[in-house]
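Novice: Next up is a structure, given as structure tokens.
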Amino acid sequence: MLKKFSNIVSTRLGFTAFLVLLFWLKSLFAYFFKFDLDFDNSFQILLAILNPLASTLLLLGLALYVKNTKLYYSLSLVIYFILTLWLFSNATYFGEFTDFITVNTMLASSKVAAGLGQSALNLFNFTDLFFIIDFLIIGLLMWRKVIRFDHRAFSKRAGFAITSLSILAFTVNLFMAEIDRPELLSRGFSNTYVVRYLGLVPFTVYDGINTYKTNQVRKEAKPTDVAEVQKYVSDNHAKPNPDTFGIAKGKNVIYIHLESFQQFLINYKLKAIDPTTKQEKEYEVTPFLNSLFGSKETFAFDNFFHQVKAGKTSDAETLMENSFFGLTQGSFFVSNGGKNTFQSAPDILSQVGGYTSAVFHGNVGSFWNRNETYKRLGYNYFFDQTYFNVDKSNSFQYGLHDKFLFGDSIEYLEHLQQPFYTKFITVSNHYPYVKFAGDEGGFPLATTSDDTINGYFATANYLDTAVKEFFDYLKASDVYKNSVIVLYGDHYGISNSRNPQLAELLGKNKETWSSYDDAMLQRVPYMIVVPGMDKGRVDHTFGGEIDNLPTLLHLLGIDNSKYPQLGQDLLSPDHRSLLAMRNTDNWVSSTLTNYSGRIYKTGTGEEITNPDPDTKKQIDANNKQSELQLKISDAITTGDLLRFWPSDGLKPIDPNDYNYTKGLQKAKVIEKKLGDASTSIFSQNGDKTTKDLWQTQSFQALHPELNLSQAGTSGSSAKK
């Protein structure tokens with residue numbers, strides 16, 4: 001057996017195959033024991049098992065083109081060593097930062113030194129010997145002459161065949177990956193996704209190409225280019241409304257990100273058969289959110305549109321917290337978020353108002369490159385999946401279910417210094433809208449021919465319940481009255497291709513469904529709850545996610561005129577009721593809608609095929625305005641123009657100052673250092689936890705004095 005093995009590895013092809021096998025085993029060790037690739041199904045596991053082979057064979061196969069014997073073996077071992085070093089470096093880096101090394105990371109030399117220097121020493125353990133023990137094995141086999149040098153040159157034709165085979169294998173791998181995750185490379189969801197589907201080496205190449213492309217555009221930008229942005233901001237600034245400016249000054253800001261939640265769900269009742277009476281009954285889908293929508297404590301907007309494209313949720317975050325758009329292709333967070341300069345909401349509020357900022361999200365931190373982008377936005381803390389106990393009973397492929405996210409976040413939220421700026425990213429109302437089992441499955445399914453639509457109402461109801469329970473906690477812990485809560489839908493939940501199947505549920509005929517109907521379904525909820533206020537109303541102003549930041553800052557008493565924000569305060573009398581969508585052909589105004597190349601009257605949906613001169617003039621003006629806004633936004637994002645923005649009092653952010661590990665410990669250190677001056681919820685509660693205040697409706701019945709149900713109740717509830 002040993003002689004047969006010796007005969008195989010003593011040929012150049014056999015030696016190359018042996019190295020491929022060894023590196024494949026090391027890659028699988030890293031995939032399953034060092035990285036968290038967050039597998040959702042057996043198909044993804046299969047792809048992960050196979051994906052190291054193609055790229056490893058391609059790179060090690062390059063040595064086969066070398067005729068000189070010593071040079072062939074030297075080059076083979078050098079390539080093998082580099083591959084191993086890269087794999088081990090990423091395993092070490094992932095242990096500290098839960099992400100993979102990117103080109104931008106390598107360019108930030110201090111960060112790499114921190115990640116691969118001290119971290120390597122701290123995190124090295126006995127199992128890491130698996131990365132280097134094979135070198136001892138190879139050396140021993142060569143010393144014992146089990147591996148003998150093959151002096152015969154490998155034919156170029158055979159070498160080309162090996163290269164072609166590896167390229168073919170990678171092509172098949174990519175095709176299989178696209179089956180499970182369409183637009184894997186074009187949308188750039190997550191570094192983890194690319195490694196999981198294609199492997200570490202292809203991820204590095206992919207990242208390098210994207211970095212080169214973005215850097216080339218960035219290099220062409222000049223300091224003088226920022227003048228056009230300044231002019232746009234000045235010309236389009238909407239002055240604050242004196243009746244609302246500063247009414248939330250100094251309050252905590254709490255964002256609740258309503259995943260895939262569309263405006264039509266508000267006040268919607270689903271007709272379904274009652275399992276007990278067997279009679280048709282109307283079920284209110286989101287009773288709690290409905291109550292907020294009509295509250296005197298809420299500014300609610302029923303003509304508020306999402307403005308995202310391929311970056312979906314990350315585009316919504318870009319718009320909401322920066323007041324400019326995502327990219328025409330891919331995700332801005334992924335392509336540019338790790339390197340661009342920002343003047344974002346958490347940074348502005350930190351420097352101007354002394355706010356502490358944090359994000360709570362039960363998915364992997366690298367999804368949409370959040371763990372890097374958030375540092376440049378100025379977020380002090382990012383509590384991602386690593387901070388929560390996530391298993392199959394409380395999560396699905398996009399992360400922790402909403403009730404668990406809110407409830408388990410209290411442990412961290414209560415130690416943040418107030419005022420705080422926080423964001424809770426929910427996921428349970430995410431495609432494919434899987435109905436919950438047990439106590440959470442009480443809401444009925446719709447009965448269309450589309451299962452995606454059928455489950456959408458049940459998961460929305462679950463989200464509604466989760467939000468209500470979080471509001472109950474805010475009230476019970478006395479945080480509610482000193483907070484402003486922003487609830488927003490990030491993007492559509494039902495795609496345009498499915499809208500005709502939805503038509504009947506909306507009281508429309510799918511045969512006459514039009515692009516106008518598609519346009520109106522791009523509306524998402526936008527509510528700003530200001531406890532204690534009595535000026536709340538349902539506002540019919542037309543606006544979009546780009547308008548959030550100016551609106552919020554003015555409510556907090558901060559004039560946004562000097563900051564590079566392209567939106568306008570929705571409450572301002574000067575607000576322009578025109579919103580551009582990321583597709584330059586689409587825009588909506590209070591009078592006209594341009595969608596999919598057709599013009600409609602916004603109020604009636606009547607298509608305009610032959611506009612009169614005045615209407616034509618208005619269409620041209622709206623086209624020009626929306627195109628200009630998108631042009632200015634693209635200049636900011638692709639050219640990184642905010643690095644040239646003139647001083648407006650904000651100090652530049654150094655992303656190296658942020659580290660999202662050990663967040664709770666850091667918050668407690670600050671709390672202890674401040675002592676009696678600490679403003680955290682924990683400190684104000686007599687240094688006692690408020691986690692016991694996270695309760696459900698059974699608790700409310702025992703404590704009517706807390707008035708937790710004043711804003712309505714939800715369909716199903718169970719203590720987590």
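Starting from 1 in every chain, residues are counted up; chains themselves are A, B, ... following the order of the structure tokens, and ligands are numbered from 1 as listed.
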Pick out the residues sitting within 9 Å of segment 141-144 of chain A, and hand them over as an mmCIF file with C-alpha atoms, in the first residue's frame; count only C-alpha atoms, and ignore anything fewer than 5 positions along from it in its own chain.
Specialist:
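The result, stored in part-v6.cif:
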data_model
loop_
_atom_site.group_PDB
_atom_site.id
_atom_site.type_symbol
_atom_site.label_atom_id
_atom_site.label_comp_id
_atom_site.auth_asym_id
_atom_site.auth_seq_id
_atom_site.Cartn_x
_atom_site.Cartn_y
_atom_site.Cartn_z
ATOM 1 C CA SER A 6 4.738 6.373 -3.108
ATOM 2 C CA LEU A 136 5.785 17.992 8.950
ATOM 3 C CA PHE A 149 11.238 14.048 -7.197
#
Novice: Which residues come within 9 Å of Ser186 of chain A, counting only C-alpha atoms, excluding same-chain residues fewer than 3 positions away, as a list in words?
Specialist: Pro182, Glu183, Phe189, Ala310, Gln329, Gly330 and Ser331 of chain A
Novice: What's around Thr690 of chain A at 10 Å? Count only C-alpha atoms, leave out sequence neighbours fewer than 4 positions away in its own chain, and write the answer as a ChimeraX atom specification.
Specialist: /A:410-411,413-414,473-474,476-477,681-682,685,694
Novice: Can you work out which one of A:Lys624, A:Arg148, A:Arg196, A:Lys631 has the shortest atom-to-atom distance to Tyr31 of chain A, counting only C-alpha atoms?
Specialist: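 For Tyr31 of chain A, the nearest of the given residues is A:Arg196.
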Novice: Based on DSSP run over this structure's backbone, return all residues of segment 281-333 of chain A in strand (DSSP E), as a ChimeraX atom specification.
Specialist: /A:281-284,298-305
Novice: Restrict the selected residues to N, CA, C and O atoms and save them as a PDB file, in the first residue's frame.
Specialist:
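selection_12.pdb written:
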ATOM      1  N   LYS A 281     -64.503  34.919   8.970  1.00  0.00           N
ATOM      2  CA  LYS A 281     -64.292  35.932   9.999  1.00  0.00           C
ATOM      3  C   LYS A 281     -63.196  36.879   9.538  1.00  0.00           C
ATOM      4  O   LYS A 281     -62.308  36.502   8.789  1.00  0.00           O
ATOM      5  N   GLU A 282     -63.255  38.120   9.997  1.00  0.00           N
ATOM      6  CA  GLU A 282     -62.213  39.081   9.687  1.00  0.00           C
ATOM      7  C   GLU A 282     -61.184  39.102  10.812  1.00  0.00           C
ATOM      8  O   GLU A 282     -61.536  39.237  11.984  1.00  0.00           O
ATOM      9  N   TYR A 283     -59.913  38.970  10.443  1.00  0.00           N
ATOM     10  CA  TYR A 283     -58.818  38.988  11.407  1.00  0.00           C
ATOM     11  C   TYR A 283     -57.984  40.246  11.177  1.00  0.00           C
ATOM     12  O   TYR A 283     -57.445  40.465  10.084  1.00  0.00           O
ATOM     13  N   GLU A 284     -57.856  41.067  12.199  1.00  0.00           N
ATOM     14  CA  GLU A 284     -57.034  42.275  12.098  1.00  0.00           C
ATOM     15  C   GLU A 284     -55.568  41.853  12.130  1.00  0.00           C
ATOM     16  O   GLU A 284     -55.095  41.254  13.095  1.00  0.00           O
ATOM     17  N   THR A 298     -48.388  60.095  17.540  1.00  0.00           N
ATOM     18  CA  THR A 298     -47.670  59.607  16.362  1.00  0.00           C
ATOM     19  C   THR A 298     -47.846  60.513  15.150  1.00  0.00           C
ATOM     20  O   THR A 298     -48.968  60.885  14.792  1.00  0.00           O
ATOM     21  N   PHE A 299     -46.703  60.864  14.524  1.00  0.00           N
ATOM     22  CA  PHE A 299     -46.738  61.413  13.173  1.00  0.00           C
ATOM     23  C   PHE A 299     -46.670  60.218  12.228  1.00  0.00           C
ATOM     24  O   PHE A 299     -45.647  59.533  12.149  1.00  0.00           O
ATOM     25  N   ALA A 300     -47.753  59.922  11.540  1.00  0.00           N
ATOM     26  CA  ALA A 300     -47.811  58.775  10.638  1.00  0.00           C
ATOM     27  C   ALA A 300     -47.964  59.273   9.207  1.00  0.00           C
ATOM     28  O   ALA A 300     -48.706  60.228   8.953  1.00  0.00           O
ATOM     29  N   PHE A 301     -47.294  58.629   8.279  1.00  0.00           N
ATOM     30  CA  PHE A 301     -47.307  59.056   6.878  1.00  0.00           C
ATOM     31  C   PHE A 301     -47.806  57.905   6.018  1.00  0.00           C
ATOM     32  O   PHE A 301     -47.226  56.814   6.022  1.00  0.00           O
ATOM     33  N   ASP A 302     -48.895  58.146   5.293  1.00  0.00           N
ATOM     34  CA  ASP A 302     -49.485  57.066   4.497  1.00  0.00           C
ATOM     35  C   ASP A 302     -49.093  57.127   3.023  1.00  0.00           C
ATOM     36  O   ASP A 302     -49.541  56.302   2.223  1.00  0.00           O
ATOM     37  N   ASN A 303     -48.249  58.091   2.656  1.00  0.00           N
ATOM     38  CA  ASN A 303     -47.715  58.157   1.295  1.00  0.00           C
ATOM     39  C   ASN A 303     -46.185  58.185   1.350  1.00  0.00           C
ATOM     40  O   ASN A 303     -45.526  58.978   0.676  1.00  0.00           O
ATOM     41  N   PHE A 304     -45.659  57.305   2.154  1.00  0.00           N
ATOM     42  CA  PHE A 304     -44.218  57.196   2.353  1.00  0.00           C
ATOM     43  C   PHE A 304     -43.733  55.968   1.581  1.00  0.00           C
ATOM     44  O   PHE A 304     -44.264  54.870   1.747  1.00  0.00           O
ATOM     45  N   PHE A 305     -42.722  56.144   0.725  1.00  0.00           N
ATOM     46  CA  PHE A 305     -42.275  55.091  -0.188  1.00  0.00           C
ATOM     47  C   PHE A 305     -40.854  54.628   0.155  1.00  0.00           C
ATOM     48  O   PHE A 305     -40.005  55.440   0.550  1.00  0.00           O
TER      49      PHE A 305
END
Novice: For a test of reading the model, state the distance in Å between atom CA of Leu47 of chain A and atom CA of Thr204 of chain A, rounded to one decimal.
Specialist: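 If I compute the distance from atom CA of Leu47 of chain A to atom CA of Thr204 of chain A, I get 17.5 Å.
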